[in-house]
$ cat target.txt   # compact mmCIF, C-alpha atoms and all ligand atoms
# COMPACT_ATOMS: atom_id res chain seq x y z
CA MET A 1 -19.85 27.13 7.25
CA LYS A 2 -16.04 27.41 7.55
CA ILE A 3 -14.90 23.90 8.49
CA LEU A 4 -11.37 22.80 9.35
CA ILE A 5 -10.65 19.06 8.92
CA LEU A 6 -7.67 17.81 10.91
CA GLY A 7 -6.60 14.56 9.25
CA ILE A 8 -7.95 15.57 5.81
CA ASP A 9 -5.64 13.09 4.01
CA GLY A 10 -7.13 10.04 5.75
CA TYR A 11 -9.69 7.34 4.96
CA ILE A 12 -12.53 9.45 6.39
CA GLY A 13 -11.00 12.94 6.12
CA TRP A 14 -10.77 12.99 2.34
CA PRO A 15 -14.35 11.85 1.55
CA LEU A 16 -15.65 14.19 4.26
CA ALA A 17 -13.86 17.08 2.54
CA LEU A 18 -15.48 16.12 -0.80
CA ARG A 19 -18.94 15.92 0.75
CA LEU A 20 -18.65 19.21 2.65
CA ILE A 21 -17.39 21.08 -0.43
CA SER A 22 -20.21 19.63 -2.53
CA ARG A 23 -22.68 20.94 0.09
CA GLY A 24 -21.28 24.46 -0.22
CA HIS A 25 -19.10 24.63 2.89
CA THR A 26 -15.65 26.27 2.87
CA VAL A 27 -13.17 23.53 3.69
CA SER A 28 -9.61 23.79 4.91
CA GLY A 29 -7.49 20.97 6.21
CA ALA A 30 -4.30 19.83 7.84
CA ASP A 31 -2.48 16.51 7.96
CA SER A 32 0.92 15.24 9.09
CA LEU A 33 0.81 12.41 6.49
CA PHE A 34 1.48 10.06 9.43
CA THR A 35 -0.70 7.21 8.07
CA ARG A 36 0.96 7.25 4.62
CA LYS A 37 4.38 6.96 6.29
CA ARG A 38 3.52 4.31 8.86
CA VAL A 39 1.66 2.11 6.34
CA LYS A 40 4.81 2.03 4.17
CA GLU A 41 6.82 0.91 7.21
CA VAL A 42 4.85 -2.35 7.40
CA ASN A 43 5.55 -2.87 3.66
CA SER A 44 1.97 -2.06 2.80
CA ASP A 45 0.11 0.55 0.77
CA SER A 46 -3.40 1.77 0.07
CA LEU A 47 -5.12 -0.79 -2.18
CA THR A 48 -6.79 2.05 -4.06
CA PRO A 49 -4.38 4.40 -5.87
CA ILE A 50 -4.39 7.75 -4.09
CA LEU A 51 -3.07 11.11 -5.25
CA THR A 52 -0.90 13.38 -3.11
CA MET A 53 -2.80 16.10 -1.22
CA GLU A 54 -1.48 18.71 -3.66
CA GLU A 55 -2.74 16.67 -6.63
CA ARG A 56 -6.14 16.13 -4.96
CA ILE A 57 -6.53 19.85 -4.33
CA GLY A 58 -5.54 20.63 -7.94
CA LYS A 59 -8.16 18.17 -9.26
CA ILE A 60 -10.91 19.65 -7.09
CA LYS A 61 -10.05 23.11 -8.40
CA GLU A 62 -10.15 21.77 -11.96
CA LEU A 63 -13.39 19.75 -11.58
CA TRP A 64 -15.44 21.87 -9.19
CA GLY A 65 -13.66 25.26 -9.22
CA LYS A 66 -13.31 25.07 -5.42
CA ASN A 67 -10.22 25.68 -3.32
CA ILE A 68 -9.08 23.72 -0.25
CA GLU A 69 -6.62 25.57 1.99
CA TYR A 70 -4.21 22.85 3.11
CA TYR A 71 -1.38 22.83 5.68
CA GLU A 72 1.03 19.99 6.45
CA GLY A 73 1.68 19.63 10.17
CA ASP A 74 0.91 17.74 13.36
CA VAL A 75 -1.82 18.50 15.90
CA SER A 76 0.53 17.36 18.67
CA ASP A 77 2.72 20.40 17.78
CA ALA A 78 1.09 23.21 19.82
CA SER A 79 2.51 26.10 17.81
CA PHE A 80 1.30 24.50 14.55
CA ILE A 81 -2.27 24.16 15.82
CA TYR A 82 -2.37 27.63 17.40
CA ASP A 83 -1.12 29.25 14.14
CA LEU A 84 -3.56 27.21 12.07
CA ILE A 85 -6.63 28.13 14.11
CA GLU A 86 -5.54 31.77 14.30
CA ARG A 87 -5.26 31.86 10.51
CA ILE A 88 -8.51 29.99 9.66
CA LYS A 89 -10.81 30.98 12.56
CA PRO A 90 -13.16 28.07 11.74
CA ASP A 91 -16.83 27.73 12.74
CA ALA A 92 -16.31 23.99 13.19
CA ILE A 93 -13.32 21.67 13.53
CA VAL A 94 -13.42 17.94 12.76
CA HIS A 95 -10.62 16.16 14.61
CA LEU A 96 -9.63 12.95 12.79
CA ALA A 97 -5.87 13.48 13.10
CA GLU A 98 -5.06 10.61 15.44
CA GLN A 99 -3.17 7.33 15.25
CA ARG A 100 -6.17 5.12 14.40
CA SER A 101 -4.92 1.53 14.34
CA ALA A 102 -5.43 -0.80 17.30
CA PRO A 103 -2.83 -3.34 16.06
CA TYR A 104 -0.26 -0.57 15.46
CA SER A 105 -0.63 0.55 19.08
CA MET A 106 0.03 -3.05 20.20
CA LEU A 107 3.27 -3.55 18.23
CA GLY A 108 5.48 -2.59 21.17
CA LEU A 109 6.34 0.04 23.74
CA SER A 110 7.36 2.77 21.29
CA GLN A 111 4.11 2.43 19.32
CA ALA A 112 2.02 2.38 22.52
CA THR A 113 3.82 5.51 23.74
CA GLU A 114 3.48 7.19 20.37
CA THR A 115 -0.27 6.42 20.21
CA LEU A 116 -1.07 7.60 23.73
CA THR A 117 1.03 10.77 23.60
CA LYS A 118 0.21 11.78 20.03
CA ASN A 119 -3.53 11.31 20.47
CA MET A 120 -3.91 12.80 23.95
CA ILE A 121 -1.55 15.75 23.45
CA GLY A 122 -3.09 16.55 20.06
CA THR A 123 -6.57 16.76 21.57
CA LEU A 124 -5.30 18.76 24.54
CA ASN A 125 -3.53 21.26 22.23
CA LEU A 126 -6.69 21.60 20.26
CA VAL A 127 -9.04 22.39 23.15
CA TYR A 128 -6.56 24.95 24.53
CA ALA A 129 -6.24 26.62 21.12
CA MET A 130 -10.04 26.65 20.74
CA LYS A 131 -10.61 28.23 24.14
CA ASP A 132 -7.95 30.88 23.47
CA ILE A 133 -8.88 31.75 19.88
CA VAL A 134 -12.34 30.46 18.85
CA PRO A 135 -14.31 29.66 22.05
CA ASP A 136 -17.64 29.43 20.17
CA CYS A 137 -16.33 26.96 17.56
CA HIS A 138 -17.88 23.46 17.46
CA LEU A 139 -15.43 20.56 17.86
CA LEU A 140 -16.57 17.27 16.31
CA LYS A 141 -14.12 14.67 17.56
CA LEU A 142 -13.89 11.06 16.38
CA GLY A 143 -13.95 8.62 19.26
CA THR A 144 -14.76 4.93 18.93
CA MET A 145 -17.38 2.38 19.99
CA GLY A 146 -14.40 0.38 21.27
CA GLU A 147 -14.13 2.80 24.20
CA TYR A 148 -17.03 0.97 25.87
CA GLY A 149 -15.60 -2.52 25.44
CA THR A 150 -18.11 -5.37 25.59
CA PRO A 151 -19.93 -5.13 28.97
CA ASN A 152 -22.65 -7.64 29.85
CA ILE A 153 -25.29 -4.87 29.90
CA ASP A 154 -26.73 -2.44 27.34
CA ILE A 155 -24.45 0.43 26.30
CA PRO A 156 -26.01 3.93 26.37
CA GLU A 157 -24.87 6.93 24.32
CA GLY A 158 -22.20 8.31 26.61
CA PHE A 159 -24.14 8.82 29.86
CA PHE A 160 -26.56 6.73 31.92
CA GLU A 161 -28.68 7.11 35.02
CA ILE A 162 -27.41 5.03 37.90
CA GLU A 163 -28.74 4.43 41.41
CA TYR A 164 -26.26 3.49 44.15
CA ASN A 165 -26.98 3.24 47.87
CA GLY A 166 -30.34 4.89 47.35
CA ARG A 167 -29.07 7.94 45.42
CA LYS A 168 -29.26 8.59 41.67
CA ASP A 169 -27.04 10.45 39.24
CA ASN A 170 -26.48 10.77 35.49
CA LEU A 171 -22.86 9.66 34.97
CA PRO A 172 -20.47 8.80 32.13
CA PHE A 173 -20.83 5.11 31.28
CA PRO A 174 -17.75 3.13 32.47
CA LYS A 175 -15.22 2.38 29.74
CA PHE A 176 -13.15 -0.77 29.23
CA ALA A 177 -11.18 -0.56 25.99
CA GLY A 178 -9.27 -3.39 24.29
CA SER A 179 -6.06 -1.83 22.93
CA TRP A 180 -3.78 1.11 23.74
CA TYR A 181 -5.34 2.84 20.74
CA HIS A 182 -8.86 2.41 22.10
CA TRP A 183 -7.69 3.55 25.58
CA SER A 184 -6.20 6.70 24.02
CA LYS A 185 -9.71 7.56 22.84
CA VAL A 186 -11.11 6.95 26.35
CA HIS A 187 -8.54 9.39 27.75
CA ASP A 188 -9.48 11.91 25.04
CA THR A 189 -13.14 11.60 26.02
CA ASN A 190 -12.32 12.30 29.67
CA ASN A 191 -10.26 15.34 28.66
CA LEU A 192 -13.04 16.63 26.40
CA MET A 193 -15.64 16.34 29.18
CA PHE A 194 -13.32 18.30 31.46
CA ALA A 195 -12.56 20.96 28.81
CA ASN A 196 -16.31 21.38 28.33
CA LYS A 197 -16.83 21.77 32.08
CA LEU A 198 -13.94 24.26 32.40
CA TRP A 199 -14.52 26.48 29.37
CA ASN A 200 -18.02 25.63 28.07
CA LEU A 201 -16.63 24.48 24.72
CA ARG A 202 -19.27 22.96 22.45
CA ILE A 203 -18.23 19.43 21.61
CA THR A 204 -19.62 16.38 19.80
CA ASP A 205 -17.81 13.18 20.78
CA VAL A 206 -18.61 10.54 18.16
CA MET A 207 -18.39 6.89 19.22
CA GLN A 208 -17.95 5.40 15.76
CA GLY A 209 -18.09 1.70 14.89
CA VAL A 210 -15.93 -0.05 12.29
CA VAL A 211 -16.25 1.67 8.90
CA TYR A 212 -16.16 -0.28 5.63
CA GLY A 213 -16.21 0.66 1.97
CA THR A 214 -14.27 2.20 -0.87
CA ARG A 215 -16.55 4.97 -1.96
CA ILE A 216 -19.09 7.69 -1.39
CA LYS A 217 -21.03 9.17 -4.27
CA GLU A 218 -18.51 12.03 -4.77
CA ILE A 219 -15.63 9.53 -4.99
CA HIS A 220 -17.55 7.47 -7.51
CA GLU A 221 -18.18 10.59 -9.63
CA THR A 222 -14.66 12.10 -9.44
CA LYS A 223 -12.58 8.90 -9.14
CA LEU A 224 -10.60 10.77 -6.48
CA TYR A 225 -10.20 7.68 -4.28
CA THR A 226 -9.70 7.66 -0.57
CA ARG A 227 -7.12 5.31 0.90
CA PHE A 228 -8.21 1.71 1.52
CA ASP A 229 -6.04 -0.34 3.87
CA VAL A 230 -6.27 -4.10 4.09
CA ASP A 231 -3.04 -5.24 5.76
CA GLU A 232 -3.12 -6.78 9.25
CA VAL A 233 -2.01 -3.55 10.98
CA TRP A 234 -3.97 -0.85 9.15
CA GLY A 235 -6.86 -2.77 7.56
CA THR A 236 -10.21 -3.49 9.25
CA ALA A 237 -12.44 -6.55 9.22
CA LEU A 238 -14.87 -6.28 6.30
CA ASN A 239 -12.45 -4.42 3.99
CA ARG A 240 -9.92 -7.20 4.60
CA PHE A 241 -12.51 -9.94 4.04
CA CYS A 242 -13.52 -8.51 0.64
CA THR A 243 -9.87 -8.30 -0.42
CA GLN A 244 -9.23 -11.88 0.69
CA ALA A 245 -12.23 -12.97 -1.38
CA VAL A 246 -10.98 -11.23 -4.55
CA ILE A 247 -7.42 -12.59 -4.37
CA ASP A 248 -8.56 -16.11 -3.44
CA GLU A 249 -7.13 -16.05 0.07
CA PRO A 250 -9.20 -17.62 2.87
CA ILE A 251 -11.38 -15.14 4.80
CA THR A 252 -10.04 -14.94 8.36
CA PRO A 253 -12.37 -14.52 11.34
CA TYR A 254 -10.14 -14.30 14.41
CA GLY A 255 -10.75 -17.07 16.96
CA LYS A 256 -14.39 -18.21 17.18
CA GLY A 257 -15.54 -15.20 15.13
CA MET A 258 -18.45 -14.55 17.49
CA GLN A 259 -17.11 -11.07 18.42
CA ARG A 260 -19.79 -8.51 17.70
CA ARG A 261 -19.11 -4.92 16.67
CA GLY A 262 -21.15 -2.02 15.31
CA PHE A 263 -20.40 -1.41 11.61
CA LEU A 264 -21.30 1.30 9.11
CA SER A 265 -20.45 2.12 5.53
CA LEU A 266 -18.11 4.94 4.53
CA GLU A 267 -21.09 6.67 2.87
CA ASP A 268 -23.09 6.54 6.10
CA SER A 269 -20.14 7.57 8.26
CA ILE A 270 -19.82 10.70 6.08
CA ASN A 271 -23.60 11.27 6.24
CA CYS A 272 -23.51 11.07 10.05
CA LEU A 273 -20.53 13.42 10.41
CA THR A 274 -22.19 15.91 8.05
CA ILE A 275 -25.40 15.84 10.12
CA GLY A 276 -23.32 16.35 13.28
CA LEU A 277 -21.71 19.45 11.73
CA GLU A 278 -24.85 20.93 10.23
CA LYS A 279 -26.86 20.33 13.44
CA PRO A 280 -24.32 21.40 16.07
CA PRO A 281 -24.77 21.20 19.83
CA SER A 282 -25.85 24.32 21.73
CA PRO A 283 -23.13 26.64 23.03
CA GLY A 284 -21.57 25.00 26.07
CA GLU A 285 -23.02 21.54 25.31
CA TYR A 286 -20.99 18.30 25.35
CA ARG A 287 -22.87 15.55 23.51
CA VAL A 288 -22.05 11.97 22.65
CA TYR A 289 -23.53 9.80 19.96
CA ASN A 290 -22.97 6.18 19.02
CA GLN A 291 -22.41 6.04 15.28
CA PHE A 292 -23.07 2.70 13.58
CA ASP A 293 -25.87 1.08 11.58
CA GLU A 294 -26.03 -2.51 12.73
CA HIS A 295 -24.00 -4.83 14.82
CA TYR A 296 -22.73 -8.03 13.22
CA SER A 297 -20.58 -10.87 14.38
CA VAL A 298 -17.33 -11.32 12.48
CA ASN A 299 -18.66 -14.71 11.29
CA GLU A 300 -21.79 -13.08 9.82
CA LEU A 301 -19.60 -10.66 7.85
CA ALA A 302 -17.32 -13.44 6.65
CA GLU A 303 -20.33 -15.47 5.47
CA ILE A 304 -22.05 -12.63 3.61
CA THR A 305 -18.75 -11.65 1.95
CA ALA A 306 -18.16 -15.23 0.81
CA ARG A 307 -21.73 -15.61 -0.50
CA THR A 308 -21.58 -12.32 -2.39
CA ALA A 309 -18.15 -12.96 -3.93
CA ASN A 310 -19.23 -16.47 -4.98
CA ALA A 311 -22.38 -15.09 -6.62
CA ILE A 312 -20.97 -12.06 -8.45
CA LEU A 313 -17.34 -13.04 -9.11
CA GLY A 314 -17.79 -16.81 -9.43
CA LYS A 315 -15.43 -17.40 -6.50
CA ASN A 316 -15.25 -20.40 -4.25
CA CYS A 317 -14.43 -18.56 -1.02
CA LYS A 318 -13.13 -20.41 2.01
CA ILE A 319 -13.57 -19.17 5.58
CA GLU A 320 -10.62 -20.14 7.78
CA HIS A 321 -10.72 -19.36 11.50
CA VAL A 322 -7.22 -18.37 12.62
CA GLU A 323 -5.68 -17.98 16.09
CA ASN A 324 -7.00 -14.72 17.54
CA PRO A 325 -4.06 -12.31 17.77
CA ARG A 326 -6.04 -10.06 20.12
CA VAL A 327 -7.07 -10.26 23.76
CA GLU A 328 -10.85 -9.93 23.49
CA LYS A 329 -14.03 -11.81 24.41
CA GLU A 330 -15.03 -14.03 21.52
CA GLU A 331 -18.55 -14.59 22.85
CA HIS A 332 -20.35 -11.76 24.57
CA TYR A 333 -23.53 -9.74 24.96
CA TYR A 334 -23.64 -6.61 22.78
CA ASN A 335 -26.47 -4.10 22.67
CA PRO A 336 -25.39 -0.47 22.26
CA GLU A 337 -28.05 2.22 21.86
CA HIS A 338 -27.88 4.34 18.71
CA SER A 339 -30.94 6.52 18.43
CA LYS A 340 -29.57 10.07 18.77
CA LEU A 341 -28.37 10.35 15.17
CA LYS A 342 -31.69 8.99 13.94
CA SER A 343 -33.47 11.69 15.91
CA LEU A 344 -31.27 14.25 14.09
CA GLY A 345 -32.51 12.86 10.75
CA TYR A 346 -29.99 10.11 9.91
CA LYS A 347 -31.24 7.17 7.79
CA ARG A 348 -29.16 4.28 6.55
CA SER A 349 -28.42 4.77 2.83
CA ARG A 350 -27.99 1.21 1.54
CA GLU A 351 -28.08 -2.48 2.40
CA LEU A 352 -24.89 -4.21 3.51
CA LYS A 353 -24.93 -6.67 0.60
CA ASP A 354 -25.08 -3.80 -1.94
CA ASP A 355 -22.10 -2.13 -0.28
CA ILE A 356 -20.17 -5.40 -0.43
CA VAL A 357 -20.89 -5.65 -4.16
CA ASN A 358 -19.36 -2.16 -4.67
CA ILE A 359 -16.32 -2.97 -2.54
CA LEU A 360 -15.70 -6.20 -4.45
CA GLU A 361 -16.06 -4.37 -7.78
CA ASP A 362 -13.58 -1.67 -6.76
CA ILE A 363 -11.06 -4.22 -5.48
CA GLN A 364 -11.47 -6.17 -8.71
CA THR A 365 -10.62 -2.95 -10.63
CA PHE A 366 -7.32 -2.75 -8.73
CA LYS A 367 -6.70 -6.47 -8.55
CA ASP A 368 -2.98 -6.10 -9.38
CA ARG A 369 -2.51 -3.78 -6.42
CA ALA A 370 -4.48 -6.22 -4.23
CA GLU A 371 -2.24 -9.11 -5.35
CA ASN A 372 0.81 -7.08 -4.26
CA LEU A 373 -0.60 -6.93 -0.73
CA ARG A 374 -1.07 -10.70 -0.39
CA ASN A 375 1.89 -11.10 2.01
CA VAL A 376 0.77 -8.43 4.49
CA ILE A 377 -2.76 -9.69 5.12
CA LYS A 378 -2.30 -12.60 7.58
CA PRO A 379 -2.22 -11.53 11.28
CA LYS A 380 1.28 -11.20 12.75
CA THR A 381 0.70 -8.64 15.50
CA PHE A 382 -0.25 -10.57 18.64
CA TRP A 383 -1.52 -8.58 21.65
CA ARG A 384 0.35 -10.74 24.19
CA LYS A 385 3.56 -11.45 22.28
CA SER A 386 6.29 -8.84 22.34
CA SER A 387 7.44 -7.44 19.01
CA GLY A 388 10.92 -7.15 20.55
CA ILE A 389 10.89 -3.39 20.20
CA THR A 390 11.37 -1.78 23.56
CA LYS A 391 13.39 1.34 22.97
CA ASN A 392 11.59 4.58 22.37
CA ASN A 393 12.39 4.84 18.71
CA PRO A 394 9.31 4.90 16.51
CA ASP A 395 11.47 4.60 13.40
CA SER A 396 12.59 1.08 14.33
CA ILE A 397 9.35 -0.69 13.51
CA GLN A 398 10.41 -2.99 10.69
CA VAL A 399 8.67 -5.90 12.33
CA HIS A 400 7.56 -8.03 9.40
N1 LIG B 501 -11.23 -9.26 12.99
C1 LIG B 501 -11.24 -10.54 12.47
N2 LIG B 501 -10.52 -10.79 11.36
C2 LIG B 501 -9.79 -9.87 10.72
C3 LIG B 501 -9.78 -8.55 11.23
C4 LIG B 501 -10.50 -8.28 12.38
O1 LIG B 501 -11.90 -11.41 13.02
O2 LIG B 501 -9.14 -10.19 9.71
C5 LIG B 501 -12.02 -8.96 14.20
C6 LIG B 501 -11.22 -8.46 15.39
O3 LIG B 501 -10.75 -9.53 16.19
C7 LIG B 501 -12.21 -7.57 16.12
C8 LIG B 501 -13.14 -7.08 15.00
O4 LIG B 501 -12.90 -7.90 13.87
O5 LIG B 501 -12.98 -8.33 17.02
C9 LIG B 501 -12.89 -5.63 14.61
O6 LIG B 501 -11.52 -5.48 14.27
P1 LIG B 501 -11.07 -4.41 13.16
O7 LIG B 501 -9.64 -4.63 12.84
O8 LIG B 501 -12.02 -4.39 12.02
O9 LIG B 501 -11.31 -3.01 13.91
P2 LIG B 501 -10.65 -2.37 15.22
O10 LIG B 501 -9.27 -2.84 15.44
O11 LIG B 501 -11.62 -2.52 16.34
O12 LIG B 501 -10.55 -0.82 14.84
C10 LIG B 501 -11.29 -0.21 13.78
C11 LIG B 501 -10.56 1.06 13.37
C12 LIG B 501 -10.55 2.06 14.53
C13 LIG B 501 -11.97 2.31 14.98
C14 LIG B 501 -12.63 0.99 15.36
C15 LIG B 501 -14.10 1.14 15.71
O13 LIG B 501 -9.22 0.75 12.96
O14 LIG B 501 -9.92 3.27 14.10
O15 LIG B 501 -11.96 3.16 16.11
O16 LIG B 501 -12.59 0.10 14.22
S1 LIG B 501 -14.60 -0.02 16.95
O17 LIG B 501 -14.12 -1.35 16.59
O18 LIG B 501 -16.04 0.04 17.05
O19 LIG B 501 -13.96 0.40 18.18
$ encode --input "target.txt" --output "structure tokens" --more "lines below"
Ligand code: USQ
Amino acid sequence: MKILILGIDGYIGWPLALRLISRGHTVSGADSLFTRKRVKEVNSDSLTPILTMEERIGKIKELWGKNIEYYEGDVSDASFIYDLIERIKPDAIVHLAEQRSAPYSMLGLSQATETLTKNMIGTLNLVYAMKDIVPDCHLLKLGTMGEYGTPNIDIPEGFFEIEYNGRKDNLPFPKFAGSWYHWSKVHDTNNLMFANKLWNLRITDVMQGVVYGTRIKEIHETKLYTRFDVDEVWGTALNRFCTQAVIDEPITPYGKGMQRRGFLSLEDSINCLTIGLEKPPSPGEYRVYNQFDEHYSVNELAEITARTANAILGKNCKIEHVENPRVEKEEHYYNPEHSKLKSLGYKRSRELKDDIVNILEDIQTFKDRAENLRNVIKPKTFWRKSSGITKNNPDSIQVH
């Protein structure tokens, strides 16, 4: 299959490219290098050393004899995306090229504006370009479990049957996101449903949980690392906890730590996306699946990280609850359904504790780089406090 990955330079984009090439697909990609640039602006960096896209492509050619056609550009630039799709004419497009950090979107007005416009306009450009050039192409778009929020009822996979005043219908489940970033994904979902209704585009909208991990098997074999962010703006819970354990910083559940989220490993995220591509929806179908393995509370993750690091690295990890920088429920019901991917053949690849061992080992390998990130780990981006940035200048974000 000819697959175009938008956001190929990212945490998920790069390992997905490796996996798809190793399964015999023809892979091309585009990226604006937005994440590399914005991570530097908060004085941070990927904990794992990553090559430039040109170097990565050269290595793949050298190791596997395979070529990746790569273009630098932004999906929110309509002429870029039209030219790209015209040139590649893909069978499937994976859209990962969005601003993906909730804390970044909460830094101030310019970052909120940037997140909402970049993400929504990018997706809108894409569906227009698909309908004009490749109307039969399959779009696999990364949404997020955070679109649903934490309602006090079970969460279905996208749609649910509801009865009101004696009449029934199958409707999109109501969304209540917790950051401008998560809301941008809700707006994307609405626009995708409408594009499907208008033009019969075939679309998979993936509601993905929090992904953790440093490797998939192709990364382990090639040592072509994907980025791994652990700072308070770009890093996510379990990846941050493992880093804190290795550099002897306290592990930081926010608030009571009883918040529950769906989590999955990088390996399983890539497995799920591959299944979604290789088992596409029917022409004209819009489908949604919830993509995570298990839900855990933040406290459960902190405890298992501490236990594992104590056992294998001889650490004496401390867990320190810190003021919650976010506006979120710290105690809540959480029971999202996630059976559709299993019915397509997905099985979890490994146990959480084994993944944590690998993450700790990889961080230990780059301990010097982890030490250099010590000062950017503690939370400084508070949802309700203003960063003081109000003018619409995304280049003025030196907040820390
Ligand atoms: N948390 C802590 N301590 C930390 C970091 C996070 O307790 O040091 C808590 C947060 O308060 C939150 C939970 O862990 O309740 C998850 O936060 P996170 O930073 O790991 O993830 P989040 O901001 O929700 O976003 C990440 C990705 C995003 C993706 C989303 C999936 O950055 O791109 O869409 O996970 S989900 O959370 O299911 O919406």
$ atom_distance --input "target.txt" --atom1 "atom CA of Tyr225 of chain A" --atom2 "atom CA of Pro49 of chain A"
6.9 Å
$ atom_distance --input "target.txt" --atom1 "atom CA of Leu198 of chain A" --atom2 "atom CA of Lys279 of chain A"
23.3 Å
$ closest_atom_pairs --input "target.txt" --of "chain A" --to "ligand LIG 501 (chain B)" --cutoff "6 Å" --atoms "all atoms listed in the file" --output "tab-separated table"
residue	atom	partner	partner_atom	distance
A:Arg100	CA	B:LIG501	O14	4.2
A:Ser101	CA	B:LIG501	O13	4.6
A:Ala102	CA	B:LIG501	O10	4.7
A:Thr144	CA	B:LIG501	O15	4.4
A:Met145	CA	B:LIG501	O18	4.0
A:Gly146	CA	B:LIG501	O19	3.1
A:Gln208	CA	B:LIG501	C15	5.7
A:Gly209	CA	B:LIG501	O18	3.4
A:Val210	CA	B:LIG501	O16	3.9
A:Thr236	CA	B:LIG501	O8	3.4
A:Ala237	CA	B:LIG501	O8	3.6
A:Arg240	CA	B:LIG501	O2	6.0
A:Thr252	CA	B:LIG501	O2	5.0
A:Pro253	CA	B:LIG501	O1	3.6
A:Tyr254	CA	B:LIG501	O1	3.7
A:Gly257	CA	B:LIG501	O1	5.7
A:Gln259	CA	B:LIG501	O5	5.2
A:Arg261	CA	B:LIG501	O18	5.8
A:Gly262	CA	B:LIG501	O18	5.8
A:Val298	CA	B:LIG501	O1	5.5
$ atom_distance --input "target.txt" --atom1 "atom CA of Ser32 of chain A" --atom2 "atom CA of Thr123 of chain A"
14.6 Å
$ closest_residue --input "target.txt" --among "A:Trp14, A:Phe366, A:Phe160, A:Trp183" --to "Leu51 of chain A" --atoms "all atoms listed in the file"
A:Trp14
$ closest_residue --input "target.txt" --among "A:Gln291, A:Gly58, A:Glu323, A:Ile312" --to "Ile275 of chain A" --atoms "only C-alpha atoms"
A:Gln291
$ closest_residue --input "target.txt" --among "A:Val75, A:Leu266, A:Ile356, A:Leu116" --to "Ala129 of chain A" --atoms "only C-alpha atoms"
A:Val75
$ residues_around --input "target.txt" --residues "Arg87 of chain A" --least-positions-apart "5" --cutoff "12 Å" --atoms "all atoms listed in the file" --output "ChimeraX atom specification"
/A:4,28-29,69-71,80-82,129,133-134
$ residues_around --input "target.txt" --residues "Phe34 of chain A" --least-positions-apart "4" --cutoff "9 Å" --atoms "only C-alpha atoms" --output "number ranges by chain"
A: 38-39, 74, 97-99
$ write_last_selection --input "target.txt" --atoms "C-alpha atoms" --output "tab-separated table (two decimals), in the frame of the given file"
chain	number	residue	atom	x	y	z
A	38	ARG	CA	3.52	4.31	8.86
A	39	VAL	CA	1.66	2.11	6.34
A	74	ASP	CA	0.91	17.74	13.36
A	97	ALA	CA	-5.87	13.48	13.10
A	98	GLU	CA	-5.06	10.61	15.44
A	99	GLN	CA	-3.17	7.33	15.25
$ residues_around --input "target.txt" --residues "Asp354 of chain A" --least-positions-apart "3" --cutoff "12 Å" --atoms "only C-alpha atoms" --output "VMD selection string"
chain A and resid 213 265 304 to 305 308 to 309 312 349 to 351 357 to 361
$ closest_residue --input "target.txt" --among "A:Asn372, A:Asn299, A:Thr52, A:Ser22" --to "Ile8 of chain A" --atoms "only C-alpha atoms"
A:Thr52
$ closest_residue --input "target.txt" --among "A:Asp77, A:Pro174, A:Arg260, A:Asp368" --to "Glu161 of chain A" --atoms "only C-alpha atoms"
A:Pro174
$ residues_around --input "target.txt" --residues "Asn125 of chain A" --least-positions-apart "4" --cutoff "7 Å" --atoms "all atoms listed in the file" --output "PyMOL selection string"
chain A and resi 76+78+121+129
$ closest_residue --input "target.txt" --among "A:Pro90, A:Pro283, A:Gly10, A:Gly276" --to "Tyr346 of chain A" --atoms "all atoms listed in the file"
A:Gly276
$ residues_around --input "target.txt" --residues "Met193 of chain A" --least-positions-apart "3" --cutoff "10 Å" --atoms "all atoms listed in the file" --output "list in words"
Pro172, Asp188, Thr189, Asn190, Asn196, Lys197, Leu198, Asn200, Leu201, Ile203, Asp205, Glu285, Tyr286 and Arg287 of chain A
$ axis_aligned_box --input "target.txt" --around "segment 164-179 of chain A" --padding-each-side "6 Å" --output "lines of an AutoDock Vina configuration file"
center_x = -18.2
center_y = 3.7
center_z = 35.4
size_x = 36.3
size_y = 26.2
size_z = 36.9
